[in-house]
$ cat structure-v2.cif   # mmCIF, C-alpha atoms
data_my_file
#
loop_
_atom_site.label_atom_id
_atom_site.label_comp_id
_atom_site.auth_asym_id
_atom_site.auth_seq_id
_atom_site.Cartn_x
_atom_site.Cartn_y
_atom_site.Cartn_z
CA MET A 731 5.56 -101.55 29.47
CA GLY A 732 8.07 -102.15 32.27
CA LYS A 733 6.27 -104.92 34.12
CA ARG A 734 6.40 -108.69 34.44
CA ILE A 735 3.95 -110.92 32.54
CA ALA A 736 3.14 -114.58 33.09
CA PHE A 737 1.29 -116.80 30.62
CA ILE A 738 -0.68 -119.79 31.78
CA GLY A 739 -0.61 -121.93 28.67
CA GLY A 740 1.88 -121.58 25.84
CA GLY A 741 -0.13 -122.47 22.74
CA ASN A 742 -0.83 -120.52 19.57
CA MET A 743 -2.57 -117.53 21.12
CA ALA A 744 0.02 -117.17 23.87
CA SER A 745 2.73 -117.39 21.21
CA ALA A 746 1.01 -114.69 19.16
CA ILE A 747 0.96 -112.30 22.11
CA ILE A 748 4.50 -113.19 23.20
CA GLY A 749 5.78 -112.63 19.67
CA GLY A 750 4.03 -109.26 19.50
CA LEU A 751 5.44 -108.20 22.85
CA LEU A 752 8.98 -109.11 21.85
CA ARG A 753 8.63 -107.28 18.52
CA GLN A 754 7.62 -104.19 20.50
CA GLY A 755 10.76 -104.40 22.64
CA PHE A 756 9.43 -106.22 25.70
CA SER A 757 12.19 -108.27 27.33
CA ALA A 758 12.00 -112.08 27.22
CA ALA A 759 13.53 -112.02 30.70
CA ASP A 760 10.28 -110.45 31.98
CA ILE A 761 8.03 -113.18 30.59
CA ASP A 762 7.16 -116.41 32.41
CA VAL A 763 5.17 -119.27 30.91
CA VAL A 764 3.53 -122.26 32.55
CA GLU A 765 3.17 -124.98 29.93
CA PRO A 766 2.79 -128.67 30.87
CA TRP A 767 3.68 -130.08 27.44
CA ALA A 768 7.41 -130.63 26.90
CA GLU A 769 7.19 -130.17 23.14
CA ALA A 770 5.49 -126.81 23.55
CA ARG A 771 8.07 -125.71 26.13
CA THR A 772 10.87 -126.57 23.70
CA ARG A 773 9.21 -124.53 20.96
CA LEU A 774 8.80 -121.52 23.25
CA GLU A 775 12.44 -121.75 24.26
CA THR A 776 13.61 -122.09 20.66
CA ASP A 777 11.35 -119.45 19.14
CA PHE A 778 11.44 -116.80 21.85
CA GLY A 779 14.36 -117.55 24.18
CA LEU A 780 12.02 -118.16 27.11
CA GLN A 781 12.41 -120.57 30.01
CA PRO A 782 8.89 -122.02 30.43
CA GLN A 783 8.00 -124.06 33.47
CA PRO A 784 5.92 -127.27 33.54
CA GLU A 785 3.74 -126.13 36.45
CA ALA A 786 2.82 -123.15 38.56
CA GLY A 787 5.29 -122.11 41.23
CA ALA A 788 6.53 -119.32 43.48
CA PHE A 789 7.96 -117.47 40.46
CA LEU A 790 4.40 -116.37 39.62
CA ALA A 791 4.35 -114.11 42.69
CA SER A 792 6.26 -111.46 40.74
CA ALA A 793 3.79 -111.32 37.82
CA ASP A 794 1.98 -108.01 37.38
CA LEU A 795 -0.18 -109.42 34.58
CA ILE A 796 -1.27 -113.04 34.15
CA VAL A 797 -2.54 -114.05 30.71
CA TRP A 798 -4.83 -117.08 30.73
CA ALA A 799 -4.29 -118.91 27.43
CA VAL A 800 -5.74 -122.26 28.50
CA LYS A 801 -8.55 -124.42 27.16
CA PRO A 802 -11.93 -123.81 28.85
CA GLN A 803 -12.01 -127.32 30.31
CA THR A 804 -8.67 -126.87 32.11
CA PHE A 805 -9.13 -123.29 33.36
CA LYS A 806 -10.56 -124.13 36.79
CA GLU A 807 -7.79 -126.60 37.63
CA ALA A 808 -5.09 -124.21 36.42
CA ALA A 809 -6.61 -121.35 38.42
CA ALA A 810 -6.49 -123.39 41.63
CA ALA A 811 -2.75 -123.89 41.21
CA VAL A 812 -1.96 -120.28 40.27
CA SER A 813 -4.09 -118.60 42.96
CA ASN A 814 -1.82 -120.08 45.62
CA HIS A 815 1.06 -117.94 44.34
CA ASN A 816 -0.42 -114.61 43.20
CA ARG A 817 -3.50 -112.70 44.43
CA THR A 818 -2.58 -109.20 43.20
CA ALA A 819 -2.02 -109.45 39.44
CA LEU A 820 -4.25 -108.15 36.68
CA HIS A 821 -5.77 -111.15 34.87
CA LEU A 822 -6.34 -111.27 31.12
CA SER A 823 -8.26 -114.28 29.76
CA VAL A 824 -8.32 -115.43 26.14
CA ALA A 825 -10.26 -118.62 26.99
CA ALA A 826 -13.51 -119.05 25.07
CA GLY A 827 -16.76 -119.09 27.00
CA ILE A 828 -15.48 -118.84 30.58
CA THR A 829 -17.16 -115.85 32.25
CA THR A 830 -15.47 -113.33 34.49
CA ASP A 831 -17.80 -114.39 37.30
CA SER A 832 -16.29 -117.87 37.19
CA ILE A 833 -12.75 -116.54 36.90
CA ALA A 834 -13.29 -114.15 39.82
CA ALA A 835 -14.61 -116.97 41.99
CA TRP A 836 -11.66 -119.22 41.15
CA LEU A 837 -8.96 -116.56 41.58
CA GLY A 838 -10.42 -114.42 44.35
CA SER A 839 -9.83 -111.28 42.30
CA GLU A 840 -11.93 -108.61 40.59
CA ARG A 841 -9.12 -107.37 38.32
CA ILE A 842 -10.18 -109.47 35.35
CA ILE A 843 -10.35 -108.64 31.67
CA ARG A 844 -11.88 -111.19 29.34
CA THR A 845 -11.03 -111.16 25.65
CA MET A 846 -11.85 -112.91 22.40
CA PRO A 847 -9.00 -112.78 19.87
CA ASN A 848 -8.72 -114.64 16.57
CA THR A 849 -5.95 -116.56 14.84
CA PRO A 850 -4.72 -113.80 12.47
CA ALA A 851 -3.14 -112.50 15.70
CA LEU A 852 -0.38 -114.98 14.85
CA ILE A 853 0.80 -112.58 12.12
CA GLY A 854 -0.20 -109.34 13.84
CA LYS A 855 -3.43 -109.05 11.81
CA GLY A 856 -5.95 -110.17 14.42
CA ILE A 857 -8.81 -108.36 16.06
CA THR A 858 -9.62 -108.80 19.74
CA ALA A 859 -12.68 -107.74 21.70
CA LEU A 860 -12.16 -106.98 25.41
CA PHE A 861 -14.41 -106.60 28.44
CA GLY A 862 -13.29 -105.50 31.91
CA ARG A 863 -15.05 -106.11 35.23
CA PRO A 864 -15.91 -103.09 37.39
CA GLY A 865 -12.79 -103.77 39.49
CA VAL A 866 -10.57 -103.05 36.48
CA THR A 867 -9.15 -99.53 36.43
CA GLN A 868 -8.58 -97.39 33.36
CA ALA A 869 -4.85 -97.91 33.82
CA ASP A 870 -5.47 -101.68 33.77
CA LYS A 871 -7.46 -101.35 30.56
CA ASP A 872 -4.78 -99.20 28.95
CA TRP A 873 -2.09 -101.75 29.79
CA ALA A 874 -4.19 -104.71 28.59
CA ASN A 875 -4.91 -102.84 25.37
CA GLU A 876 -1.21 -102.17 24.88
CA VAL A 877 -0.43 -105.86 25.31
CA ILE A 878 -3.19 -107.13 23.01
CA ALA A 879 -2.63 -104.43 20.39
CA THR A 880 0.69 -106.10 19.57
CA THR A 881 -1.42 -108.75 17.78
CA GLY A 882 -3.72 -106.41 15.83
CA ALA A 883 -6.81 -104.26 16.33
CA THR A 884 -8.85 -104.04 19.55
CA VAL A 885 -12.51 -103.34 20.36
CA TRP A 886 -13.79 -102.71 23.89
CA LEU A 887 -17.26 -103.96 24.81
CA THR A 888 -19.73 -102.57 27.35
CA ALA A 889 -21.41 -105.91 28.18
CA GLU A 890 -19.78 -109.28 28.75
CA THR A 891 -22.63 -111.09 27.00
CA GLN A 892 -21.46 -109.49 23.75
CA LEU A 893 -18.37 -111.69 23.85
CA ASP A 894 -20.39 -114.73 22.78
CA ALA A 895 -21.43 -112.82 19.65
CA VAL A 896 -17.81 -111.80 19.06
CA THR A 897 -16.78 -115.44 19.42
CA ALA A 898 -19.27 -116.42 16.72
CA LEU A 899 -18.39 -113.55 14.40
CA SER A 900 -14.65 -112.89 14.52
CA GLY A 901 -13.30 -115.47 16.96
CA SER A 902 -14.46 -118.37 14.79
CA GLY A 903 -14.59 -116.18 11.69
CA PRO A 904 -11.23 -117.11 10.14
CA ALA A 905 -12.43 -120.71 9.87
CA TYR A 906 -15.42 -119.53 7.83
CA MET A 907 -13.10 -117.70 5.45
CA PHE A 908 -10.93 -120.79 5.06
CA TYR A 909 -14.07 -122.85 4.49
CA PHE A 910 -15.11 -120.59 1.61
CA MET A 911 -11.56 -120.63 0.26
CA GLU A 912 -11.78 -124.44 0.19
CA ALA A 913 -15.08 -124.28 -1.68
CA MET A 914 -13.78 -121.72 -4.19
CA THR A 915 -10.61 -123.72 -4.76
CA ASP A 916 -12.52 -126.96 -5.32
CA ALA A 917 -14.89 -125.22 -7.74
CA GLY A 918 -11.95 -123.68 -9.59
CA VAL A 919 -10.39 -127.12 -10.07
CA ARG A 920 -13.69 -128.51 -11.37
CA MET A 921 -13.79 -125.62 -13.86
CA GLY A 922 -10.33 -126.45 -15.26
CA LEU A 923 -7.75 -124.60 -13.12
CA ASP A 924 -5.03 -126.47 -11.32
CA ARG A 925 -5.31 -126.49 -7.52
CA ASP A 926 -2.44 -124.08 -6.88
CA GLN A 927 -3.86 -121.56 -9.33
CA ALA A 928 -7.36 -121.81 -7.86
CA TYR A 929 -6.10 -121.47 -4.30
CA GLN A 930 -3.90 -118.47 -5.16
CA LEU A 931 -6.87 -116.74 -6.79
CA ALA A 932 -9.19 -117.51 -3.86
CA VAL A 933 -6.77 -116.25 -1.21
CA ALA A 934 -5.89 -113.10 -3.14
CA THR A 935 -9.57 -112.37 -3.66
CA PHE A 936 -10.34 -112.58 0.07
CA ILE A 937 -7.36 -110.40 0.96
CA GLY A 938 -8.16 -107.83 -1.72
CA ALA A 939 -11.86 -107.65 -0.89
CA GLY A 940 -11.08 -107.25 2.81
CA GLU A 941 -8.61 -104.45 2.17
CA LEU A 942 -11.07 -102.74 -0.17
CA ALA A 943 -13.80 -102.90 2.48
CA ARG A 944 -11.45 -101.52 5.11
CA ALA A 945 -10.34 -98.65 2.85
CA SER A 946 -13.90 -97.75 1.83
CA SER A 947 -16.53 -95.82 3.73
CA GLU A 948 -19.28 -97.62 1.79
CA ALA A 949 -21.44 -100.42 3.19
CA PRO A 950 -20.75 -103.95 1.96
CA GLU A 951 -24.08 -103.94 0.10
CA SER A 952 -22.86 -100.96 -1.93
CA LEU A 953 -19.48 -102.52 -2.63
CA ARG A 954 -21.17 -105.72 -3.75
CA ALA A 955 -23.55 -103.81 -6.03
CA LYS A 956 -20.61 -102.22 -7.84
CA VAL A 957 -19.47 -105.61 -9.12
CA THR A 958 -22.95 -107.06 -9.69
CA SER A 959 -24.21 -105.87 -13.07
CA LYS A 960 -27.69 -107.17 -13.74
CA GLY A 961 -27.54 -110.10 -16.13
CA GLY A 962 -23.79 -110.54 -15.65
CA THR A 963 -21.67 -113.33 -14.18
CA THR A 964 -21.61 -111.98 -10.62
CA TYR A 965 -25.36 -111.44 -10.76
CA ALA A 966 -25.80 -115.09 -11.73
CA ALA A 967 -23.72 -116.20 -8.75
CA ILE A 968 -25.41 -113.90 -6.22
CA THR A 969 -28.85 -114.87 -7.52
CA SER A 970 -27.96 -118.55 -7.10
CA MET A 971 -26.81 -117.95 -3.52
CA ASP A 972 -29.95 -115.94 -2.70
CA GLU A 973 -32.17 -118.66 -4.13
CA SER A 974 -30.34 -121.19 -1.96
CA GLY A 975 -30.94 -119.11 1.17
CA MET A 976 -27.18 -118.63 1.67
CA LYS A 977 -27.49 -115.63 3.99
CA ASP A 978 -29.93 -117.43 6.27
CA LEU A 979 -27.79 -120.56 6.30
CA PHE A 980 -24.70 -118.55 7.15
CA ALA A 981 -26.54 -116.69 9.92
CA LYS A 982 -27.73 -120.04 11.28
CA ALA A 983 -24.11 -121.22 11.42
CA LEU A 984 -23.05 -118.12 13.37
CA PHE A 985 -25.91 -118.56 15.83
CA ALA A 986 -24.76 -122.16 16.37
CA ALA A 987 -21.31 -120.84 17.31
CA HIS A 988 -22.92 -118.19 19.53
CA HIS A 989 -24.96 -120.84 21.34
CA ARG A 990 -21.93 -123.09 21.82
CA ALA A 991 -19.93 -120.23 23.33
CA GLY A 992 -22.60 -119.87 26.00
CA GLU A 993 -22.62 -123.63 26.57
CA LEU A 994 -18.86 -123.64 27.17
CA GLY A 995 -19.23 -121.12 29.94
CA ALA A 996 -22.03 -123.09 31.56
CA GLU A 997 -20.25 -126.42 31.16
CA PHE A 998 -16.75 -125.51 32.29
CA GLY A 999 -17.36 -122.37 34.33
CA LYS A 1000 -19.01 -123.94 37.35
CA ALA A 1001 -17.63 -122.92 40.72
#
$ encode --input "structure-v2.cif" --output "structure tokens"
Amino acid sequence: MGKRIAFIGGGNMASAIIGGLLRQGFSAADIDVVEPWAEARTRLETDFGLQPQPEAGAFLASADLIVWAVKPQTFKEAAAAVSNHNRTALHLSVAAGITTDSIAAWLGSERIIRTMPNTPALIGKGITALFGRPGVTQADKDWANEVIATTGATVWLTAETQLDAVTALSGSGPAYMFYFMEAMTDAGVRMGLDRDQAYQLAVATFIGAGELARASSEAPESLRAKVTSKGGTTYAAITSMDESGMKDLFAKALFAAHHRAGELGAEFGKA
């Protein structure tokens, strides 16, 4: 990649990207991190050999790419500090809800790419959707894609509004999977398995089903039908879920996440 990268915020998502960059041969000496929490700075130093700083400073002037891994409610304040030191970098945001209009206003730049990753990025199995403003060149997009691809798959969007849907679907999605794993594990225990056995079976089932779906060209309805013989055990379970309105309830939950993503932008993205 051959350029210098600065991270504003050194939490889990920043760590996922940093780890991916280092695994791909990017030099730790070319990575700066601004992280106000001492404990997090110590972890970054221990895990990655970095020298994170507690606040923005003149060292940011050399950054070619600035990755915004901050909470939505702190973005505006952090942007005010950083914009004093660098007005030329490409900006890559992983903050939920904050629009590129807000980021552009705060930073005085049009070179902004907004993304929505998810937590499997921590093990290189994530998927990230990206959207670039008109001021972003193809070379900018290629570089951003190269950086983010160290954490998993990427999908480019044509409209920024689609990012709220991505947030609801894949950004928050791992939590839904864990939620169902909890439910399956609890049910397994109630049916006589010990908790470790039930959890192992639930996790392996999610992993296996996901890999099968990825390897297959068939729609999920078709894959489901193959294990749902009429009158059988799976049929009994699916029928119970249908009678309970499970699909509608699940869709309602995703729309709640979608709505909240928009609220975050409105709440914390004011100029």
$ resolve_selection --input "structure-v2.cif" --expression "the PyMOL selection byres ((chain A and resi 899-909) around 10)" --output "PyMOL selection string"
chain A and resi 826+845-850+856-859+893-898+910-915+932-933+936+980-981+983-985+987-988
$ residues_around --input "structure-v2.cif" --residues "stretch 747-763 of chain A" --least-positions-apart "2" --cutoff "8 Å" --atoms "only C-alpha atoms" --output "PDB file with C-alpha atoms, in the frame of the given file"
ATOM      1  CA  MET A 731       5.560-101.550  29.470  1.00  0.00           C
ATOM      2  CA  GLY A 732       8.070-102.150  32.270  1.00  0.00           C
ATOM      3  CA  LYS A 733       6.270-104.920  34.120  1.00  0.00           C
ATOM      4  CA  ARG A 734       6.400-108.690  34.440  1.00  0.00           C
ATOM      5  CA  ILE A 735       3.950-110.920  32.540  1.00  0.00           C
ATOM      6  CA  ALA A 736       3.140-114.580  33.090  1.00  0.00           C
ATOM      7  CA  PHE A 737       1.290-116.800  30.620  1.00  0.00           C
ATOM      8  CA  ILE A 738      -0.680-119.790  31.780  1.00  0.00           C
ATOM      9  CA  GLY A 739      -0.610-121.930  28.670  1.00  0.00           C
ATOM     10  CA  GLY A 740       1.880-121.580  25.840  1.00  0.00           C
ATOM     11  CA  MET A 743      -2.570-117.530  21.120  1.00  0.00           C
ATOM     12  CA  ALA A 744       0.020-117.170  23.870  1.00  0.00           C
ATOM     13  CA  SER A 745       2.730-117.390  21.210  1.00  0.00           C
ATOM     14  CA  GLU A 765       3.170-124.980  29.930  1.00  0.00           C
ATOM     15  CA  PHE A 778      11.440-116.800  21.850  1.00  0.00           C
ATOM     16  CA  GLY A 779      14.360-117.550  24.180  1.00  0.00           C
ATOM     17  CA  LEU A 780      12.020-118.160  27.110  1.00  0.00           C
ATOM     18  CA  GLN A 781      12.410-120.570  30.010  1.00  0.00           C
ATOM     19  CA  PRO A 782       8.890-122.020  30.430  1.00  0.00           C
ATOM     20  CA  GLN A 783       8.000-124.060  33.470  1.00  0.00           C
ATOM     21  CA  LEU A 790       4.400-116.370  39.620  1.00  0.00           C
ATOM     22  CA  ALA A 851      -3.140-112.500  15.700  1.00  0.00           C
ATOM     23  CA  LEU A 852      -0.380-114.980  14.850  1.00  0.00           C
ATOM     24  CA  GLY A 854      -0.200-109.340  13.840  1.00  0.00           C
ATOM     25  CA  VAL A 877      -0.430-105.860  25.310  1.00  0.00           C
ATOM     26  CA  ILE A 878      -3.190-107.130  23.010  1.00  0.00           C
ATOM     27  CA  THR A 880       0.690-106.100  19.570  1.00  0.00           C
ATOM     28  CA  THR A 881      -1.420-108.750  17.780  1.00  0.00           C
TER      29      THR A 881
END
$ residues_around --input "structure-v2.cif" --residues "A:Ala943" --least-positions-apart "6" --cutoff "12 Å" --atoms "only C-alpha atoms" --output "ChimeraX atom specification"
/A:936-937,949-954
$ closest_residue --input "structure-v2.cif" --among "A:Asp926, A:Asp972, A:Glu807, A:Glu890" --to "A:Phe998" --atoms "only C-alpha atoms"
A:Glu807
$ closest_residue --input "structure-v2.cif" --among "A:Arg863, A:Lys855, A:Lys871, A:Lys982" --to "A:Ala834" --atoms "all atoms listed in the file"
A:Arg863
$ atom_distance --input "structure-v2.cif" --atom1 "atom CA of A:Val812" --atom2 "atom CA of A:Leu795"
12.4 Å
$ atom_distance --input "structure-v2.cif" --atom1 "atom CA of A:Leu931" --atom2 "atom CA of A:Ser959"
21.4 Å
$ decode --input "structure-v2.cif" --residues "stretch 922-943 of chain A" --atoms "N, CA and C atoms" --output "short mmCIF file (atom, residue, chain, number, x, y, z; two decimals), in the first residue's frame"
data_model
loop_
_atom_site.label_atom_id
_atom_site.label_comp_id
_atom_site.auth_asym_id
_atom_site.auth_seq_id
_atom_site.Cartn_x
_atom_site.Cartn_y
_atom_site.Cartn_z
N GLY A 922 -32.47 -31.81 27.54
CA GLY A 922 -31.64 -32.86 28.14
C GLY A 922 -30.16 -32.82 27.82
N LEU A 923 -29.71 -31.93 26.95
CA LEU A 923 -28.28 -31.81 26.65
C LEU A 923 -27.61 -30.96 27.72
N ASP A 924 -26.31 -31.15 27.90
CA ASP A 924 -25.63 -30.19 28.78
C ASP A 924 -25.33 -28.94 27.97
N ARG A 925 -25.04 -27.82 28.66
CA ARG A 925 -24.93 -26.53 27.98
C ARG A 925 -23.80 -26.51 26.96
N ASP A 926 -22.67 -27.10 27.28
CA ASP A 926 -21.56 -27.11 26.33
C ASP A 926 -21.92 -27.87 25.05
N GLN A 927 -22.58 -29.00 25.22
CA GLN A 927 -23.00 -29.78 24.06
C GLN A 927 -23.97 -28.98 23.19
N ALA A 928 -24.96 -28.37 23.83
CA ALA A 928 -25.98 -27.62 23.09
C ALA A 928 -25.35 -26.44 22.36
N TYR A 929 -24.45 -25.75 23.02
CA TYR A 929 -23.81 -24.59 22.40
C TYR A 929 -22.94 -25.03 21.22
N GLN A 930 -22.17 -26.10 21.39
CA GLN A 930 -21.33 -26.60 20.31
C GLN A 930 -22.17 -26.97 19.09
N LEU A 931 -23.30 -27.61 19.32
CA LEU A 931 -24.18 -27.99 18.22
C LEU A 931 -24.79 -26.76 17.54
N ALA A 932 -25.18 -25.76 18.33
CA ALA A 932 -25.79 -24.55 17.76
C ALA A 932 -24.78 -23.80 16.90
N VAL A 933 -23.57 -23.60 17.43
CA VAL A 933 -22.56 -22.85 16.69
C VAL A 933 -22.19 -23.57 15.40
N ALA A 934 -21.95 -24.88 15.50
CA ALA A 934 -21.57 -25.65 14.31
C ALA A 934 -22.67 -25.63 13.25
N THR A 935 -23.90 -25.62 13.69
CA THR A 935 -25.02 -25.59 12.76
C THR A 935 -25.07 -24.26 12.01
N PHE A 936 -24.85 -23.15 12.70
CA PHE A 936 -24.84 -21.85 12.03
C PHE A 936 -23.68 -21.76 11.04
N ILE A 937 -22.50 -22.21 11.47
CA ILE A 937 -21.34 -22.16 10.58
C ILE A 937 -21.57 -23.03 9.35
N GLY A 938 -22.03 -24.26 9.57
CA GLY A 938 -22.25 -25.17 8.47
C GLY A 938 -23.31 -24.70 7.50
N ALA A 939 -24.42 -24.18 8.03
CA ALA A 939 -25.49 -23.70 7.17
C ALA A 939 -25.03 -22.48 6.35
N GLY A 940 -24.25 -21.60 6.98
CA GLY A 940 -23.72 -20.45 6.26
C GLY A 940 -22.78 -20.85 5.14
N GLU A 941 -21.90 -21.80 5.42
CA GLU A 941 -20.97 -22.26 4.39
C GLU A 941 -21.70 -22.97 3.26
N LEU A 942 -22.75 -23.73 3.62
CA LEU A 942 -23.54 -24.41 2.59
C LEU A 942 -24.23 -23.40 1.69
N ALA A 943 -24.80 -22.36 2.29
CA ALA A 943 -25.47 -21.31 1.51
C ALA A 943 -24.49 -20.60 0.58
#
